[in-house]
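*Asks:* Got a structure for you, protein30.txt, holding compact mmCIF, C-alpha atoms and all ligand atoms.
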# COMPACT_ATOMS: atom_id res chain seq x y z
CA MET A 1 0.00 0.00 0.00
CA VAL A 2 2.83 2.40 0.87
CA PHE A 3 4.13 1.61 -2.62
CA THR A 4 1.03 3.16 -4.17
CA TYR A 5 1.70 6.53 -2.58
CA GLU A 6 5.38 6.36 -3.50
CA MET A 7 4.30 5.98 -7.15
CA GLY A 8 1.92 8.89 -6.82
CA LEU A 9 4.71 11.15 -5.63
CA GLY A 10 6.95 9.98 -8.48
CA MET A 11 4.58 11.20 -11.14
CA THR A 12 5.18 14.41 -12.96
CA VAL A 13 1.63 15.11 -14.06
CA PHE A 14 -0.52 16.38 -11.25
CA SER A 15 -3.71 17.47 -12.90
CA ARG A 16 -5.97 15.14 -10.96
CA VAL A 17 -5.38 16.06 -7.35
CA GLY A 18 -3.66 19.27 -8.32
CA ASN A 19 -0.12 20.16 -7.31
CA GLN A 20 -1.43 21.48 -4.10
CA PHE A 21 -1.64 20.46 -0.50
CA SER A 22 -4.84 18.53 0.23
CA ARG A 23 -6.63 16.37 2.79
CA ALA A 24 -5.06 13.34 1.09
CA ASP A 25 -1.61 14.62 2.08
CA VAL A 26 -2.53 15.31 5.69
CA GLN A 27 -3.99 11.86 6.09
CA LEU A 28 -1.03 10.21 4.39
CA LEU A 29 1.45 11.95 6.70
CA GLU A 30 -0.55 10.90 9.73
CA THR A 31 -0.57 7.29 8.47
CA LEU A 32 3.18 7.30 7.80
CA LEU A 33 3.93 8.57 11.31
CA ILE A 34 1.70 5.92 12.88
CA ALA A 35 3.31 3.19 10.76
CA GLU A 36 6.76 4.46 11.83
CA GLU A 37 5.74 4.15 15.47
CA TYR A 38 5.35 0.42 14.86
CA LYS A 39 8.33 -0.01 12.56
CA PRO A 40 10.72 2.95 12.52
CA ASP A 41 12.43 1.97 9.24
CA ILE A 42 9.22 1.21 7.34
CA LEU A 43 9.99 3.92 4.77
CA ALA A 44 13.46 2.56 4.01
CA GLN A 45 12.51 1.64 0.42
CA PHE A 46 10.41 4.72 -0.22
CA PRO A 47 12.63 7.75 -0.76
CA LEU A 48 9.86 10.01 -2.04
CA LEU A 49 7.71 9.32 0.96
CA GLN A 50 10.72 10.00 3.22
CA SER A 51 11.28 13.43 1.71
CA ALA A 52 7.62 14.30 1.49
CA GLY A 53 7.56 15.60 5.05
CA SER A 54 10.11 18.27 4.31
CA ARG A 55 8.29 19.20 1.10
CA TRP A 56 5.14 19.76 3.09
CA GLY A 57 6.58 23.04 4.36
CA ARG A 58 6.88 24.36 0.85
CA ARG A 59 3.48 23.10 -0.18
CA SER A 60 4.65 22.92 -3.72
CA GLY A 61 7.02 20.10 -4.47
CA GLY A 62 4.64 17.53 -5.88
CA TRP A 63 2.91 16.54 -2.68
CA CYS A 64 0.35 14.93 -4.78
CA LEU A 65 -1.33 11.58 -4.93
CA SER A 66 -2.43 10.39 -8.29
CA TYR A 67 -2.87 6.92 -9.62
CA PHE A 68 -4.41 7.71 -12.90
CA GLY A 69 -1.10 7.24 -14.61
CA ARG A 70 0.49 8.99 -17.51
CA GLU A 71 -1.43 7.00 -20.10
CA HIS A 72 -4.70 7.87 -18.50
CA GLN A 73 -3.64 11.47 -18.09
CA LYS A 74 -2.90 11.67 -21.80
CA GLY A 75 -6.30 10.27 -22.58
CA ASN A 76 -8.13 12.63 -20.31
CA LYS A 77 -8.94 15.43 -22.70
CA ASN A 78 -10.61 13.05 -25.09
CA SER A 79 -12.16 10.85 -22.49
CA GLU A 80 -13.96 13.81 -20.92
CA ILE A 81 -15.52 14.53 -24.30
CA MET A 82 -16.04 10.96 -25.45
CA ALA A 83 -16.86 9.56 -22.03
CA GLY A 84 -18.88 6.40 -22.58
CA LYS A 85 -20.86 4.57 -19.97
CA PRO A 86 -19.12 4.04 -16.64
CA LYS A 87 -17.81 0.49 -16.35
CA LEU A 88 -18.09 -1.23 -12.98
CA HIS A 89 -15.65 -3.96 -11.95
CA TYR A 90 -16.80 -6.16 -9.10
CA THR A 91 -18.29 -9.56 -8.32
CA LYS A 92 -21.82 -10.30 -9.44
CA GLY A 93 -23.12 -9.50 -5.97
CA ARG A 94 -23.98 -6.52 -3.83
CA GLY A 95 -21.05 -5.97 -1.49
CA LYS A 96 -19.37 -2.60 -1.73
CA MET A 97 -20.56 -2.00 -5.29
CA GLU A 98 -24.29 -2.09 -4.73
CA SER A 99 -24.62 1.48 -3.45
CA ILE A 100 -22.70 2.65 -6.51
CA ARG A 101 -25.15 0.78 -8.75
CA TRP A 102 -28.03 2.38 -6.84
CA LEU A 103 -26.62 5.88 -7.13
CA LEU A 104 -25.93 5.64 -10.85
CA ALA A 105 -29.32 4.08 -11.51
CA ALA A 106 -31.12 6.74 -9.47
CA ALA A 107 -29.22 9.45 -11.35
CA GLY A 108 -30.45 7.87 -14.58
CA VAL A 109 -26.94 6.95 -15.71
CA GLU A 110 -26.54 3.77 -17.74
CA PHE A 111 -23.54 1.67 -16.80
CA GLU A 112 -21.74 -1.49 -17.88
CA GLU A 113 -20.45 -4.21 -15.62
CA GLU A 114 -17.49 -6.53 -15.89
CA PHE A 115 -17.82 -9.25 -13.32
CA ILE A 116 -15.04 -10.80 -11.29
CA GLU A 117 -16.08 -14.43 -11.27
CA LYS A 118 -12.86 -16.08 -10.22
CA LYS A 119 -9.56 -15.32 -8.54
CA GLU A 120 -7.81 -14.96 -11.91
CA ASP A 121 -10.16 -12.10 -12.92
CA LEU A 122 -9.08 -10.16 -9.84
CA GLU A 123 -5.43 -11.02 -10.44
CA LYS A 124 -5.69 -9.73 -13.99
CA LEU A 125 -6.96 -6.34 -12.82
CA ARG A 126 -4.20 -6.21 -10.23
CA ASN A 127 -1.53 -7.14 -12.76
CA ASP A 128 -2.84 -4.56 -15.23
CA GLY A 129 -2.18 -1.93 -12.56
CA SER A 130 -5.88 -1.02 -12.57
CA LEU A 131 -6.39 -1.25 -8.82
CA MET A 132 -4.71 1.44 -6.73
CA PHE A 133 -4.90 -0.56 -3.52
CA GLN A 134 -5.27 -4.01 -5.17
CA GLN A 135 -8.93 -3.89 -4.21
CA VAL A 136 -12.31 -3.55 -5.86
CA PRO A 137 -14.81 -1.92 -6.36
CA MET A 138 -13.23 -0.17 -9.31
CA VAL A 139 -15.17 2.07 -11.66
CA GLU A 140 -13.92 3.36 -14.98
CA ILE A 141 -15.44 6.79 -15.31
CA ASP A 142 -14.42 9.98 -17.11
CA GLY A 143 -11.01 8.58 -18.01
CA MET A 144 -10.22 7.50 -14.45
CA LYS A 145 -10.02 4.11 -12.85
CA MET A 146 -11.58 5.04 -9.56
CA VAL A 147 -11.31 2.89 -6.45
CA GLN A 148 -12.49 3.33 -2.86
CA SER A 149 -16.25 3.09 -2.73
CA ARG A 150 -16.70 6.27 -0.73
CA ALA A 151 -14.64 8.30 -3.22
CA ILE A 152 -16.54 6.82 -6.15
CA LEU A 153 -19.89 7.59 -4.55
CA SER A 154 -18.95 11.19 -3.69
CA TYR A 155 -17.77 11.74 -7.25
CA ILE A 156 -21.00 10.42 -8.74
CA ALA A 157 -23.14 12.31 -6.24
CA ALA A 158 -21.37 15.59 -7.02
CA LYS A 159 -21.35 15.00 -10.76
CA TYR A 160 -25.09 14.30 -10.93
CA ASN A 161 -26.16 17.05 -8.57
CA LEU A 162 -27.14 14.77 -5.71
CA TYR A 163 -24.72 16.28 -3.18
CA GLY A 164 -26.47 19.37 -1.86
CA LYS A 165 -26.21 23.00 -2.90
CA ASP A 166 -23.49 24.09 -0.47
CA LEU A 167 -20.93 22.82 2.04
CA LYS A 168 -23.42 22.57 4.88
CA GLU A 169 -25.92 20.53 2.89
CA ARG A 170 -23.04 18.34 1.83
CA ALA A 171 -22.05 17.85 5.47
CA TRP A 172 -25.60 16.75 6.32
CA ILE A 173 -25.67 14.37 3.38
CA ASP A 174 -22.32 12.93 4.48
CA MET A 175 -23.56 12.38 8.03
CA TYR A 176 -26.75 10.67 6.89
CA VAL A 177 -24.87 8.55 4.37
CA GLU A 178 -22.28 7.44 6.93
CA GLY A 179 -25.10 6.33 9.24
CA THR A 180 -26.76 4.21 6.58
CA THR A 181 -23.36 2.90 5.49
CA ASP A 182 -22.69 1.68 9.03
CA LEU A 183 -26.08 0.00 9.16
CA MET A 184 -25.71 -1.62 5.74
CA GLY A 185 -22.17 -2.70 6.64
CA MET A 186 -23.55 -4.74 9.53
CA ILE A 187 -25.90 -6.54 7.15
CA MET A 188 -23.25 -6.98 4.48
CA TYR A 189 -20.91 -8.85 6.83
CA LEU A 190 -23.63 -11.06 8.31
CA PRO A 191 -23.20 -13.95 5.83
CA PHE A 192 -19.45 -14.02 6.54
CA GLN A 193 -19.91 -14.52 10.27
CA PRO A 194 -19.82 -17.90 12.04
CA ALA A 195 -23.21 -19.65 12.07
CA ASP A 196 -23.42 -19.66 15.89
CA THR A 197 -23.18 -15.84 16.09
CA LYS A 198 -25.61 -15.09 13.25
CA GLU A 199 -28.77 -15.04 15.30
CA ASN A 200 -27.32 -12.58 17.83
CA ASN A 201 -25.91 -10.41 15.09
CA LEU A 202 -29.22 -10.31 13.27
CA ALA A 203 -30.94 -9.23 16.49
CA LEU A 204 -28.30 -6.54 16.94
CA ILE A 205 -28.91 -5.24 13.41
CA ILE A 206 -32.63 -4.91 14.03
CA GLU A 207 -32.00 -3.24 17.37
CA ARG A 208 -29.54 -0.77 15.87
CA ALA A 209 -31.83 -0.06 12.92
CA THR A 210 -34.84 0.66 15.12
CA THR A 211 -33.15 2.43 18.04
CA ARG A 212 -30.11 4.15 16.57
CA TYR A 213 -30.52 4.78 12.84
CA PHE A 214 -34.18 4.88 11.72
CA PRO A 215 -35.22 7.28 14.53
CA VAL A 216 -32.73 9.83 13.19
CA TYR A 217 -34.19 9.78 9.69
CA GLU A 218 -37.79 9.70 10.96
CA LYS A 219 -37.06 12.77 13.10
CA ALA A 220 -35.32 14.60 10.27
CA LEU A 221 -38.34 14.14 8.00
CA LYS A 222 -40.68 15.13 10.81
CA ASP A 223 -38.73 18.23 11.87
CA HIS A 224 -38.52 19.88 8.48
CA GLY A 225 -41.66 18.34 7.00
CA HIS A 226 -40.07 17.95 3.57
CA ASP A 227 -40.17 14.94 1.27
CA TYR A 228 -36.40 14.49 1.24
CA LEU A 229 -33.72 14.44 3.92
CA VAL A 230 -31.69 17.47 2.83
CA GLY A 231 -32.58 20.68 1.04
CA ASN A 232 -36.10 19.61 0.03
CA LYS A 233 -34.57 17.87 -2.97
CA LEU A 234 -33.55 14.30 -3.80
CA SER A 235 -29.95 13.64 -2.74
CA TRP A 236 -27.51 10.80 -2.28
CA ALA A 237 -28.69 10.61 1.36
CA ASP A 238 -32.21 9.65 0.26
CA ILE A 239 -31.04 7.06 -2.24
CA HIS A 240 -28.75 5.50 0.36
CA LEU A 241 -31.51 5.49 2.96
CA LEU A 242 -33.95 3.73 0.65
CA GLU A 243 -31.32 1.10 -0.11
CA ALA A 244 -30.76 0.59 3.62
CA ILE A 245 -34.48 0.38 4.40
CA LEU A 246 -34.99 -2.32 1.78
CA MET A 247 -31.98 -4.25 3.08
CA VAL A 248 -33.22 -4.18 6.67
CA GLU A 249 -36.70 -5.20 5.50
CA GLU A 250 -35.14 -8.28 3.93
CA CYS A 251 -34.07 -9.19 7.48
CA LYS A 252 -37.37 -8.19 9.11
CA PRO A 253 -40.26 -7.26 6.82
CA ASP A 254 -42.19 -5.16 9.38
CA VAL A 255 -39.17 -3.22 10.62
CA LEU A 256 -40.74 0.12 9.62
CA SER A 257 -43.93 -0.47 11.60
CA ALA A 258 -43.07 2.21 14.17
CA PHE A 259 -41.80 4.68 11.55
CA PRO A 260 -44.73 6.16 9.60
CA LEU A 261 -42.70 8.89 7.90
CA LEU A 262 -40.11 6.40 6.74
CA GLN A 263 -42.90 4.24 5.34
CA ALA A 264 -44.17 7.21 3.35
CA PHE A 265 -40.60 8.10 2.35
CA LYS A 266 -40.08 4.56 1.08
CA GLY A 267 -43.27 4.71 -0.98
CA ARG A 268 -42.37 8.11 -2.46
CA THR A 269 -38.76 7.42 -3.31
CA SER A 270 -39.47 3.94 -4.68
CA ASN A 271 -41.73 5.63 -7.21
CA ILE A 272 -39.16 8.02 -8.62
CA PRO A 273 -39.04 6.74 -12.22
CA THR A 274 -35.29 5.92 -12.32
CA ILE A 275 -35.48 4.16 -8.94
CA LYS A 276 -38.70 2.40 -9.84
CA LYS A 277 -36.99 0.99 -12.92
CA PHE A 278 -34.00 -0.16 -10.84
CA LEU A 279 -36.33 -1.94 -8.43
CA GLN A 280 -37.96 -3.94 -11.18
CA PRO A 281 -36.85 -7.49 -11.99
CA GLY A 282 -34.18 -7.71 -14.67
CA SER A 283 -32.39 -4.51 -13.60
CA GLN A 284 -28.73 -4.37 -12.59
CA ARG A 285 -29.70 -4.48 -8.92
CA LYS A 286 -28.24 -7.56 -7.27
CA PRO A 287 -30.07 -10.06 -5.03
CA PRO A 288 -29.04 -10.84 -1.45
CA PRO A 289 -26.11 -13.27 -1.47
CA ASP A 290 -26.74 -17.02 -1.19
CA GLU A 291 -24.35 -19.60 0.24
CA LYS A 292 -22.88 -20.57 -3.10
CA PHE A 293 -22.09 -16.95 -3.88
CA ILE A 294 -20.51 -16.37 -0.46
CA ALA A 295 -18.31 -19.46 -0.90
CA ASN A 296 -17.08 -18.14 -4.24
CA VAL A 297 -16.43 -14.65 -2.85
CA LYS A 298 -14.33 -16.19 -0.08
CA LYS A 299 -12.28 -17.99 -2.71
CA ILE A 300 -11.81 -14.93 -4.88
CA PHE A 301 -10.69 -12.70 -2.00
CA ASN A 302 -8.80 -15.37 -0.01
CA MET A 303 -11.06 -14.99 3.00
N1 LIG A 401 -12.10 0.87 1.52
C1 LIG A 401 -12.31 0.08 0.34
C2 LIG A 401 -12.36 -1.38 0.72
C3 LIG A 401 -12.50 -2.26 -0.50
C4 LIG A 401 -12.46 -3.73 -0.17
O1 LIG A 401 -12.33 -4.14 1.02
N2 LIG A 401 -12.58 -4.54 -1.20
C5 LIG A 401 -12.52 -5.97 -1.06
C6 LIG A 401 -13.67 -6.60 -1.82
S1 LIG A 401 -15.20 -6.04 -1.19
C7 LIG A 401 -11.23 -6.44 -1.71
O2 LIG A 401 -10.91 -6.04 -2.80
N3 LIG A 401 -10.50 -7.29 -1.00
C8 LIG A 401 -9.27 -7.84 -1.46
C9 LIG A 401 -8.10 -7.35 -0.65
O3 LIG A 401 -8.27 -6.52 0.25
O4 LIG A 401 -6.99 -7.81 -0.94
C10 LIG A 401 -13.59 0.55 -0.36
O5 LIG A 401 -14.51 1.01 0.33
O6 LIG A 401 -13.67 0.46 -1.59
I'd like the structure from this file rewritten - as structure tokens, please.
Ligand SMILES: N[C@@H](CCC(=O)N[C@@H](CS)C(=O)NCC(=O)O)C(=O)O
*Replies:*
Amino acid sequence: MVFTYEMGLGMTVFSRVGNQFSRADVQLLETLLIAEEYKPDILAQFPLLQSAGSRWGRRSGGWCLSYFGREHQKGNKNSEIMAGKPKLHYTKGRGKMESIRWLLAAAGVEFEEEFIEKKEDLEKLRNDGSLMFQQVPMVEIDGMKMVQSRAILSYIAAKYNLYGKDLKERAWIDMYVEGTTDLMGMIMYLPFQPADTKENNLALIIERATTRYFPVYEKALKDHGHDYLVGNKLSWADIHLLEAILMVEECKPDVLSAFPLLQAFKGRTSNIPTIKKFLQPGSQRKPPPDEKFIANVKKIFNM
């Protein structure tokens, strides 16, 4: 992983992150210092990362992280103009890609999918240098090979005007989205947990949904009396919440019984034409994982 950042600093083209000090740099420095606390010589093979700290002061010497590569950089001008459909690389299941599928579908954006069906498919992407951190989801969009689900989602939300009108709306959307992400994360990892803990974990999910998460969204809708969570307009937060509601209902169909505004919200948002289409059979929405699928995922990712 450290290698990835070393490569970023070695690049001479900085148009993506900009040759300017950013949050990515602050977080990288913090990570390097923590790693050094565990292993003081961890940067021995990474000269650019070693000198990055001193460059920080100047805020100009290429303190930049970019993985889009020179070839991609060259292609950028054209790819912005000729941008085709985004191409999603992941397994044929929900996992960390499903929210990306939801967001694109809700935004009315058509997308293609290339499925990772076996270990070799993942290895190929890694060997091609397509995966910044050797992980998927990866989405080819606007000439970039984007990884990190959160970064991909923010990009899509901003691009398709689903990310609020100002910084404060964006902050609210981020908070709501992080809440639903935490809730959906609990459900996502359920099939990977030992059989004897599943029942307890399922009970915990329902408890968290009904006492920690859903009350927040119910109250938000009640307090401002609008149809949507933020800014009286459909945003990423709403799309994410609907996805989470449907996931929790798969665990417990009457989970919304004490949440009348969320019930109405579900009805309203499910009827937005793009979302309605995505909810119909035959769409690119993926079903909950079955045992066979989980076994294959474990093989692909060495779990
Ligand atoms: N923070 C990353 C995590 C991605 C992740 O954990 N991906 C898994 C598949 S869902 C993976 O590629 N695992 C292989 C590995 O970590 O080597 C994100 O949100 O995209």
*Asks:* Per residue of chain A within 12 Å of ligand LIG 401 (chain A), record the nearest atom pair and its distance in Å to one decimal, counting all atoms listed in the file, with rows in chain order and ascending residue number, as a Markdown table.
*Replies:*
| residue | atom | partner | partner_atom | distance |
| --- | --- | --- | --- | --- |
| A:Met1 | CA | A:LIG401 | O4 | 10.5 |
| A:His89 | CA | A:LIG401 | O2 | 10.5 |
| A:Tyr90 | CA | A:LIG401 | C6 | 7.9 |
| A:Thr91 | CA | A:LIG401 | C6 | 8.5 |
| A:Lys92 | CA | A:LIG401 | S1 | 11.4 |
| A:Gly93 | CA | A:LIG401 | S1 | 9.9 |
| A:Arg94 | CA | A:LIG401 | S1 | 9.2 |
| A:Gly95 | CA | A:LIG401 | S1 | 5.9 |
| A:Lys96 | CA | A:LIG401 | S1 | 5.4 |
| A:Met97 | CA | A:LIG401 | S1 | 7.9 |
| A:Glu98 | CA | A:LIG401 | S1 | 10.5 |
| A:Ser99 | CA | A:LIG401 | O5 | 10.8 |
| A:Ile100 | CA | A:LIG401 | O6 | 10.5 |
| A:Ile116 | CA | A:LIG401 | C6 | 10.4 |
| A:Lys119 | CA | A:LIG401 | C8 | 10.3 |
| A:Asp121 | CA | A:LIG401 | O2 | 11.8 |
| A:Leu122 | CA | A:LIG401 | O2 | 8.4 |
| A:Glu123 | CA | A:LIG401 | O4 | 10.1 |
| A:Leu125 | CA | A:LIG401 | O2 | 10.8 |
| A:Arg126 | CA | A:LIG401 | O4 | 9.8 |
| A:Leu131 | CA | A:LIG401 | O2 | 8.9 |
| A:Met132 | CA | A:LIG401 | O6 | 10.4 |
| A:Phe133 | CA | A:LIG401 | O3 | 7.8 |
| A:Gln134 | CA | A:LIG401 | O4 | 5.9 |
| A:Gln135 | CA | A:LIG401 | O2 | 3.2 |
| A:Val136 | CA | A:LIG401 | O2 | 4.2 |
| A:Pro137 | CA | A:LIG401 | O6 | 5.5 |
| A:Met138 | CA | A:LIG401 | O6 | 7.8 |
| A:Val139 | CA | A:LIG401 | O6 | 10.3 |
| A:Met146 | CA | A:LIG401 | O6 | 9.4 |
| A:Val147 | CA | A:LIG401 | O6 | 5.9 |
| A:Gln148 | CA | A:LIG401 | O6 | 3.4 |
| A:Ser149 | CA | A:LIG401 | O6 | 3.9 |
| A:Arg150 | CA | A:LIG401 | O5 | 5.8 |
| A:Ala151 | CA | A:LIG401 | O6 | 8.1 |
| A:Ile152 | CA | A:LIG401 | O6 | 8.3 |
| A:Leu153 | CA | A:LIG401 | O5 | 9.8 |
| A:Ser154 | CA | A:LIG401 | O5 | 11.8 |
| A:Thr181 | CA | A:LIG401 | O5 | 10.4 |
| A:Asp182 | CA | A:LIG401 | O5 | 12.0 |
| A:Gly185 | CA | A:LIG401 | O5 | 10.6 |
| A:Met188 | CA | A:LIG401 | S1 | 9.9 |
| A:Tyr189 | CA | A:LIG401 | S1 | 10.2 |
| A:Phe192 | CA | A:LIG401 | S1 | 11.9 |
| A:Ile294 | CA | A:LIG401 | S1 | 11.6 |
| A:Val297 | CA | A:LIG401 | C6 | 8.6 |
| A:Lys298 | CA | A:LIG401 | N3 | 9.7 |
| A:Lys299 | CA | A:LIG401 | C8 | 10.7 |
| A:Ile300 | CA | A:LIG401 | C8 | 8.3 |
| A:Phe301 | CA | A:LIG401 | C8 | 5.1 |
| A:Asn302 | CA | A:LIG401 | C8 | 7.7 |
| A:Met303 | CA | A:LIG401 | C8 | 8.6 |
*Asks:* Mind pulling up the distance from CA of Gln193 in chain A to CA of Pro289 in chain A?
*Replies:*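 Atom-to-atom, CA of Pro289 in chain A to CA of Gln193 in chain A, that is 13.3 Å.
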*Asks:* For each of A:Asp166, A:Ala107, A:Ala171, A:Lys292, take the minimum atom-to-atom distance to Ile275 in chain A, counting all atoms listed in the file, then give the residue where this is smallest.
*Replies:* A:Ala107
*Asks:* Could you please determine the separation between CA of Trp102 in chain A and CA of Asp142 in chain A in Å, to one decimal place?
*Replies:*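 Taking CA of Trp102 in chain A as the start and CA of Asp142 in chain A as the end point, the length is 18.7 Å.
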*Asks:* In the coordinate frame of the file, compute which residues have an atom within 7 Å of (-30.9, 3.9, -12.6) when using only C-alpha atoms, and state them as a PyMOL selection string.
*Replies:* chain A and resi 102+104-110+274-275+277-278
*Asks:* Of the candidates A:Lys87, A:Arg208, A:Lys198, A:Lys266, which shows the shortest atom-to-atom distance to Leu221 in chain A, using all atoms listed in the file?
*Replies:* A:Lys266
*Asks:* Using all atoms listed in the file, can you list as a VMD selection string the residues within 10 Å of (-32.8, 17.7, -3.6)?
*Replies:* chain A and resid 161 to 165 169 227 to 238
*Asks:* Between A:Leu167, A:Val26, A:Leu202, A:Ala258, which is the closest to Leu183 in chain A once you count all atoms listed in the file?
*Replies:*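 When distances to Leu183 in chain A are compared using all atoms listed in the file, the smallest one comes from A:Leu202.
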*Asks:* So which one's closest to Glu6 in chain A, A:Ile239, A:Lys286, A:Cys251, A:Ala52? Using all atoms listed in the file, please.
*Replies:*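 Of A:Ile239, A:Lys286, A:Cys251, A:Ala52, the one nearest Glu6 in chain A, counting all atoms listed in the file, is A:Ala52.
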*Asks:* Taking into account all atoms listed in the file, which residue in the set A:Val248, A:Lys159, A:Leu242, A:Phe259 is nearest to Ile272 in chain A?
*Replies:*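 With all atoms listed in the file as the atom set, the closest residue is A:Leu242.
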*Asks:* Could the centre and edge lengths of an axis-aligned box, enclosing all atoms of range 226-232 of chain A in the file with 5 Å extra on each side, be given in Å to one decimal as lines of an AutoDock Vina configuration file?
*Replies:*
center_x = -35.9
center_y = 17.6
center_z = 2.0
size_x = 18.5
size_y = 16.2
size_z = 13.9
*Asks:* Out of A:Lys222, A:Gln263, A:Leu190, A:Ala203, which residue has the shortest atom-to-atom distance to Asp290 in chain A when counting all atoms listed in the file?
*Replies:*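 Smallest separation from Asp290 in chain A among the options: A:Leu190.
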*Asks:* Which residues are near range 211-214 of chain A? Cut-off 9 Å, all atoms listed in the file, ignore same chain within fewer than 2 positions. Put them as a list in words.
*Replies:*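 Once the nearby chain positions are removed, what remains is Gly179, Thr180, Leu183, Ile206, Glu207, Arg208, Ala209, Val216, Tyr217, Glu218, Lys219, Ile245, Leu256, Phe259 and Leu262 of chain A.
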*Asks:* Rounded to one decimal, what separation in Å do you get between CA of Lys118 in chain A and CA of His240 in chain A?
*Replies:*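 Here the two named atoms are 28.8 Å from each other.
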